[in-house]
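Q: Structure file protein.cif (mmCIF, C-alpha atoms and all ligand atoms) is given on the next line.
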```cif
data_input
loop_
_atom_site.label_atom_id
_atom_site.label_comp_id
_atom_site.auth_asym_id
_atom_site.auth_seq_id
_atom_site.Cartn_x
_atom_site.Cartn_y
_atom_site.Cartn_z
CA MET T 1 153.42 108.43 124.42
CA ASN T 2 152.55 105.26 126.30
CA LYS T 3 152.68 105.60 130.07
CA SER T 4 154.58 102.37 130.76
CA PHE T 5 157.48 103.59 128.61
CA GLU T 6 157.47 106.90 130.47
CA ASN T 7 157.35 105.18 133.87
CA GLU T 8 160.08 102.73 132.91
CA ILE T 9 162.41 105.61 132.00
CA ARG T 10 161.49 107.62 135.08
CA LYS T 11 162.31 104.66 137.32
CA SER T 12 165.51 103.64 135.58
CA VAL T 13 167.08 107.12 135.52
CA ASN T 14 165.84 108.05 138.96
CA LEU T 15 164.71 111.53 137.88
CA LYS T 16 161.47 113.16 138.96
CA ASN T 17 161.19 115.40 135.92
CA VAL T 18 160.80 113.31 132.78
CA VAL T 19 158.77 114.59 129.84
CA CYS T 20 157.97 112.33 126.89
CA PHE T 21 156.61 113.31 123.49
CA ASP T 22 155.50 111.30 120.51
CA SER T 23 156.73 114.16 118.36
CA ILE T 24 158.17 117.61 119.04
CA PRO T 25 160.24 120.06 116.96
CA SER T 26 163.36 119.69 119.14
CA THR T 27 163.88 118.38 122.69
CA ASN T 28 166.80 120.83 123.07
CA ASP T 29 164.61 123.82 122.20
CA TYR T 30 161.87 122.57 124.51
CA LEU T 31 164.24 122.42 127.49
CA LYS T 32 165.90 125.74 126.71
CA GLU T 33 162.47 127.40 126.84
CA LEU T 34 161.72 125.58 130.10
CA ALA T 35 165.01 126.82 131.61
CA LYS T 36 164.30 130.38 130.45
CA SER T 37 160.92 130.21 132.14
CA GLY T 38 162.63 129.39 135.47
CA GLU T 39 162.81 125.59 135.70
CA ASN T 40 165.60 124.76 138.11
CA THR T 41 165.30 120.97 138.46
CA VAL T 42 167.21 118.46 136.37
CA THR T 43 164.83 117.44 133.58
CA LEU T 44 164.92 114.80 130.86
CA ALA T 45 162.88 115.36 127.69
CA LEU T 46 162.60 112.66 125.05
CA ALA T 47 160.70 112.17 121.84
CA LYS T 48 159.99 109.33 119.43
CA THR T 49 160.48 111.71 116.52
CA GLN T 50 161.54 115.33 116.06
CA THR T 51 160.27 117.54 113.27
CA ALA T 52 163.12 120.08 113.55
CA GLY T 53 165.97 118.12 115.15
CA LYS T 54 169.06 120.33 115.45
CA GLY T 55 172.69 119.39 114.99
CA ARG T 56 175.86 121.39 115.53
CA LEU T 57 176.73 124.30 113.27
CA SER T 58 173.03 124.91 112.43
CA LYS T 59 172.70 121.58 110.63
CA ASN T 60 169.52 119.59 110.89
CA PHE T 61 169.45 116.20 112.59
CA VAL T 62 167.27 113.57 110.93
CA SER T 63 165.00 112.28 113.71
CA GLU T 64 162.72 109.60 112.28
CA MET T 65 161.06 106.84 114.29
CA GLY T 66 163.64 104.30 115.48
CA GLY T 67 166.13 106.59 117.20
CA ALA T 68 166.63 107.76 120.78
CA TYR T 69 166.21 111.55 120.78
CA PHE T 70 166.56 113.12 124.17
CA SER T 71 167.91 116.12 126.08
CA LEU T 72 168.91 116.77 129.66
CA LEU T 73 168.55 120.11 131.38
CA PHE T 74 171.02 120.46 134.24
CA PHE T 75 172.91 123.05 136.25
CA PRO T 76 176.64 122.35 136.32
CA ASP T 77 178.89 124.20 138.71
CA LEU T 78 181.28 125.26 135.97
CA LYS T 79 182.90 128.32 134.41
CA ALA T 80 181.77 128.94 130.84
CA GLU T 81 185.33 128.41 129.58
CA ASP T 82 185.24 124.84 130.96
CA GLY T 83 181.91 124.13 129.26
CA TYR T 84 183.67 121.97 126.66
CA LEU T 85 184.10 119.34 129.40
CA LEU T 86 180.36 118.64 129.24
CA THR T 87 180.58 117.71 125.56
CA VAL T 88 183.69 115.62 126.21
CA LEU T 89 182.03 113.75 129.07
CA ALA T 90 178.88 113.25 126.97
CA ALA T 91 180.89 111.86 124.05
CA VAL T 92 182.63 109.32 126.31
CA CYS T 93 179.32 108.30 127.93
CA ALA T 94 177.62 107.96 124.51
CA MET T 95 180.51 105.88 123.17
CA GLU T 96 180.39 103.56 126.18
CA THR T 97 176.60 103.31 126.01
CA VAL T 98 176.55 102.28 122.35
CA GLU T 99 179.42 99.83 122.97
CA GLU T 100 177.58 98.23 125.88
CA ILE T 101 174.32 97.85 123.97
CA SER T 102 175.74 96.88 120.57
CA GLY T 103 178.66 94.78 121.85
CA LYS T 104 180.87 96.52 119.25
CA LYS T 105 183.76 98.98 119.49
CA CYS T 106 182.92 102.64 118.86
CA LEU T 107 185.14 105.68 118.43
CA ILE T 108 184.68 109.43 118.90
CA LYS T 109 184.95 111.65 115.85
CA TRP T 110 186.07 115.04 117.17
CA VAL T 111 184.23 117.02 118.36
CA ASN T 112 181.27 114.94 119.38
CA ASP T 113 180.08 112.33 116.91
CA ILE T 114 180.15 108.65 117.80
CA TYR T 115 181.22 106.28 115.04
CA LEU T 116 180.39 102.60 114.68
CA ASP T 117 181.65 100.58 111.70
CA ASN T 118 183.04 103.80 110.14
CA LYS T 119 179.66 105.57 110.17
CA LYS T 120 177.97 108.02 112.50
CA VAL T 121 175.69 106.35 115.03
CA CYS T 122 175.20 109.25 117.45
CA GLY T 123 175.42 113.05 117.55
CA ILE T 124 175.60 115.36 120.56
CA LEU T 125 174.63 119.01 120.88
CA CYS T 126 175.36 120.86 124.13
CA GLU T 127 173.91 124.36 124.52
CA SER T 128 174.33 126.54 127.57
CA ALA T 129 173.63 129.98 129.00
CA THR T 130 176.17 131.94 131.01
CA GLU T 131 175.71 134.25 133.98
CA THR T 132 177.29 137.49 132.71
CA LYS T 133 178.56 138.72 136.07
CA SER T 134 180.18 135.53 137.37
CA GLY T 135 181.04 133.88 134.05
CA ASN T 136 179.47 130.67 135.40
CA ILE T 137 177.17 128.41 133.43
CA LYS T 138 173.54 129.18 134.40
CA TYR T 139 172.09 126.07 132.80
CA ALA T 140 173.06 123.56 130.15
CA VAL T 141 170.96 121.51 127.75
CA LEU T 142 172.65 118.39 126.46
CA GLY T 143 170.93 116.84 123.45
CA VAL T 144 171.74 113.33 122.23
CA GLY T 145 170.50 111.60 119.11
CA ILE T 146 171.30 107.88 118.78
CA ASN T 147 170.30 105.90 115.70
CA VAL T 148 169.01 102.76 117.39
CA PHE T 149 167.09 100.89 114.66
CA SER T 150 167.69 101.04 110.93
CA SER T 151 164.23 102.57 110.37
CA CYS T 152 165.70 105.97 111.31
CA ILE T 153 168.39 105.81 108.62
CA THR T 154 166.74 107.60 105.73
CA GLU T 155 167.95 107.54 102.12
CA SER T 156 169.56 110.98 102.60
CA ILE T 157 171.94 109.76 105.34
CA LYS T 158 172.42 106.09 104.52
CA ASP T 159 175.98 106.56 103.21
CA ILE T 160 177.22 108.31 106.34
CA ALA T 161 175.06 106.97 109.16
CA THR T 162 174.44 103.61 110.79
CA SER T 163 172.33 102.29 113.65
CA VAL T 164 173.04 100.30 116.81
CA PHE T 165 170.91 97.40 115.52
CA ASN T 166 170.80 96.92 111.78
CA ASP T 167 168.63 93.83 111.66
CA ARG T 168 166.11 94.19 114.46
CA LYS T 169 162.54 95.41 114.59
CA TYR T 170 161.63 98.60 116.48
CA ASP T 171 161.43 97.90 120.19
CA GLU T 172 160.69 100.63 122.70
CA THR T 173 162.40 98.72 125.52
CA GLU T 174 165.78 98.99 123.76
CA ILE T 175 165.28 102.74 123.29
CA SER T 176 164.44 103.26 126.94
CA LYS T 177 167.43 101.09 127.95
CA ILE T 178 169.83 103.17 125.85
CA ILE T 179 168.48 106.43 127.24
CA SER T 180 168.72 105.27 130.83
CA VAL T 181 172.21 103.77 130.44
CA PHE T 182 173.44 107.05 128.95
CA CYS T 183 171.72 109.30 131.51
CA ASN T 184 172.96 107.31 134.48
CA LYS T 185 176.53 107.37 133.17
CA PHE T 186 176.37 111.09 132.39
CA LEU T 187 174.74 112.18 135.66
CA GLN T 188 177.26 110.11 137.61
CA GLY T 189 180.11 111.56 135.50
CA LEU T 190 178.95 115.10 136.33
CA GLU T 191 179.49 114.37 140.01
CA THR T 192 183.16 113.62 139.37
CA LEU T 193 183.82 116.08 136.56
CA SER T 194 186.92 117.38 138.33
CA ASP T 195 188.79 114.08 138.19
CA LYS T 196 189.01 114.35 134.38
CA ALA T 197 189.77 110.64 133.79
CA PHE T 198 187.21 110.81 130.99
CA ILE T 199 189.51 113.17 129.03
CA GLU T 200 192.02 110.34 128.67
CA LYS T 201 189.25 108.05 127.40
CA TYR T 202 188.19 110.72 124.90
CA ARG T 203 191.76 111.12 123.62
CA LYS T 204 192.44 107.39 123.40
CA ASN T 205 189.32 106.67 121.37
CA SER T 206 189.73 109.28 118.67
CA TYR T 207 188.41 108.18 115.27
CA LEU T 208 190.42 110.84 113.43
CA ASP T 209 193.95 109.99 114.62
CA GLY T 210 196.31 109.58 111.66
CA LYS T 211 193.63 110.45 109.11
CA GLU T 212 193.85 112.93 106.23
CA ILE T 213 191.16 115.53 106.76
CA GLN T 214 189.73 118.74 105.40
CA TYR T 215 188.25 121.65 107.30
CA VAL T 216 186.97 125.06 106.31
CA LYS T 217 188.39 128.26 107.80
CA ASN T 218 187.47 131.76 106.62
CA GLY T 219 185.75 130.24 103.59
CA GLN T 220 188.89 128.32 102.55
CA ILE T 221 189.31 124.56 102.42
CA HIS T 222 192.34 123.34 104.37
CA CYS T 223 193.88 119.87 104.11
CA ALA T 224 195.82 118.33 106.98
CA THR T 225 196.79 115.14 108.82
CA VAL T 226 195.47 114.53 112.31
CA LEU T 227 198.16 114.02 114.95
CA GLY T 228 195.86 113.58 117.94
CA ILE T 229 193.88 115.32 120.63
CA ASP T 230 195.61 117.41 123.29
CA ASP T 231 194.84 117.61 127.02
CA LYS T 232 192.33 120.43 126.42
CA CYS T 233 190.60 118.26 123.79
CA ARG T 234 191.75 120.39 120.87
CA LEU T 235 192.46 118.61 117.61
CA THR T 236 196.16 118.72 116.78
CA ILE T 237 196.89 118.59 113.06
CA GLU T 238 199.85 118.91 110.74
CA GLU T 239 199.30 121.30 107.87
CA ASP T 240 202.00 122.35 105.45
CA GLY T 241 204.69 121.09 107.85
CA LYS T 242 203.31 123.04 110.82
CA ASN T 243 201.50 121.77 113.91
CA ILE T 244 198.19 123.55 114.47
CA LYS T 245 195.48 123.18 117.11
CA LEU T 246 191.79 123.45 116.25
CA PHE T 247 189.30 124.53 118.92
CA SER T 248 186.16 123.71 116.96
CA GLY T 249 185.07 122.98 113.44
CA ASP T 250 183.54 120.53 111.06
CA ILE T 251 185.97 117.91 109.84
CA THR T 252 185.57 115.97 106.62
CA ILE T 253 187.64 112.83 106.21
CA GLY T 254 189.64 112.33 103.03
CA LYS T 255 192.12 114.09 100.83
CA ASN T 256 191.18 116.97 98.60
CA PHE T 257 193.12 119.43 96.55
CA LYS T 258 193.28 123.08 97.47
CA LYS T 259 191.95 125.30 94.77
C1 LIG E 301 175.03 116.68 115.65
O1 LIG E 301 175.07 115.57 115.10
O2 LIG E 301 175.58 117.67 115.15
C2 LIG E 301 174.30 116.82 116.96
C3 LIG E 301 172.96 116.16 116.93
C4 LIG E 301 172.16 116.29 118.22
C5 LIG E 301 170.78 115.72 118.04
C6 LIG E 301 170.00 115.68 119.32
S1 LIG E 301 168.51 114.75 119.16
C7 LIG E 301 167.94 115.35 120.67
C8 LIG E 301 168.33 116.80 120.75
N1 LIG E 301 167.35 117.65 120.12
C9 LIG E 301 167.82 118.28 119.04
O3 LIG E 301 167.17 119.06 118.33
N2 LIG E 301 169.10 117.94 118.85
C10 LIG E 301 169.58 117.02 119.87
#
```
Would you write out, as structure tokens, the structure that this file holds?
Ligand code: BTN
A:
Amino acid sequence: MNKSFENEIRKSVNLKNVVCFDSIPSTNDYLKELAKSGENTVTLALAKTQTAGKGRLSKNFVSEMGGAYFSLLFFPDLKAEDGYLLTVLAAVCAMETVEEISGKKCLIKWVNDIYLDNKKVCGILCESATETKSGNIKYAVLGVGINVFSSCITESIKDIATSVFNDRKYDETEISKIISVFCNKFLQGLETLSDKAFIEKYRKNSYLDGKEIQYVKNGQIHCATVLGIDDKCRLTIEEDGKNIKLFSGDITIGKNFKK
């Protein structure tokens, strides 16, 4: 990767440890290995493309040239049970970053996808390891994939995904700007994680509110209406006249008929 790009990022995020790749299987996997081998400094890894980009729930994440694919290794002072706050903070920071750069309103599709013009523009995958004795998080790797230019929207995802710029040519400066805006917001947010103002922002910008959805539980398709997001960031839904809270899951929008 060209050195000026690397230096630009290093300067703008004010981090000593920045590792750039033209291509790598997955920036998340790279940093998890680094953490396992004893790295204890905050590190940013980014790549122009990934050959095995990972999404949530073991899905793959298309990572063609034109996107911002990056991960942060960091060491939050947090109990494992509060680990969800990292994803919530990341979702709010990603939403604000894309809004700032695109000049358009974005929303958060629970749990952690960012939507622009009714399509996914960004996905987030937070992985962490826990200290067994204390129950504290030992390290966390936060991976973010933002579709910046339309070149990264392949045929296979064109119906569900969009990019920040749909009509502009690939420009490394925009990619480095997006990465640094996000990282600065997120690293600053980590410092004030206890004030939880970001939870309100997460709840107020929910893409799913009022929508008919489907989710799968124990191999069965469930249909429900989304009521909102509660103060612990669980999705509150109404299903067969009952209010239910979901802790995690993969939500599909639209009505279907139970079989
Ligand atoms: C999702 O959409 O389910 C989450 C996608 C997360 C993708 C990012 S790209 C950088 C980092 N490396 C990966 O392999 N995944 C994350």
Q: Which residues come within 9 Å of Ser163 (chain T), counting only C-alpha atoms, excluding same-chain residues fewer than 3 positions away, as a ChimeraX atom specification?
A: /T:67,116,119-122,146-153,166
Q: Next, write the just-selected residues to a file, as an mmCIF file, keeping the file's coordinate frame, keeping C-alpha atoms as the atom set.
A:
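Written out: part.cif:
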```cif
data_model
loop_
_atom_site.group_PDB
_atom_site.id
_atom_site.type_symbol
_atom_site.label_atom_id
_atom_site.label_comp_id
_atom_site.auth_asym_id
_atom_site.auth_seq_id
_atom_site.Cartn_x
_atom_site.Cartn_y
_atom_site.Cartn_z
ATOM 1 C CA GLY T 67 166.130 106.590 117.200
ATOM 2 C CA LEU T 116 180.390 102.600 114.680
ATOM 3 C CA LYS T 119 179.660 105.570 110.170
ATOM 4 C CA LYS T 120 177.970 108.020 112.500
ATOM 5 C CA VAL T 121 175.690 106.350 115.030
ATOM 6 C CA CYS T 122 175.200 109.250 117.450
ATOM 7 C CA ILE T 146 171.300 107.880 118.780
ATOM 8 C CA ASN T 147 170.300 105.900 115.700
ATOM 9 C CA VAL T 148 169.010 102.760 117.390
ATOM 10 C CA PHE T 149 167.090 100.890 114.660
ATOM 11 C CA SER T 150 167.690 101.040 110.930
ATOM 12 C CA SER T 151 164.230 102.570 110.370
ATOM 13 C CA CYS T 152 165.700 105.970 111.310
ATOM 14 C CA ILE T 153 168.390 105.810 108.620
ATOM 15 C CA ASN T 166 170.800 96.920 111.780
#
```
Q: Pick from T:Leu15, T:Leu44, T:Val144, T:Cys223: nearest to Leu73 (chain T), with only C-alpha atoms counted?
A: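 Ranking T:Leu15, T:Leu44, T:Val144, T:Cys223 by distance to Leu73 (chain T), first place goes to T:Leu44.
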Q: Write out as a PyMOL selection string each polymer residue (protein, DNA or RNA) that has an atom no more than 10 Å from ligand LIG 301 (chain E), with all atoms listed in the file counted.
A: chain T and resi 24-31+45-47+49-63+67-72+111-114+120-127+141-147+250
Q: If I take CA of Ser248 (chain T) and CA of Arg234 (chain T), how far is one from the other in Å, to one decimal?
A: 7.6 Å
Q: Would you work out the distance separating CA of Asp195 (chain T) from CA of Ala80 (chain T), expressed in Å to one decimal?
A: 18.0 Å
Q: Could you jot down the CA of Ser206 (chain T) to CA of Lys232 (chain T) separation for me, Å, one decimal place?
A: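 Separation of CA of Ser206 (chain T) and CA of Lys232 (chain T): 13.8 Å.
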Q: Have a look at T:Leu78, T:Phe21, T:Ser37, T:Asn14 and name the one nearest to Leu190 (chain T); count only C-alpha atoms.
A: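 Among the listed residues, the smallest separation from Leu190 (chain T) belongs to T:Leu78.
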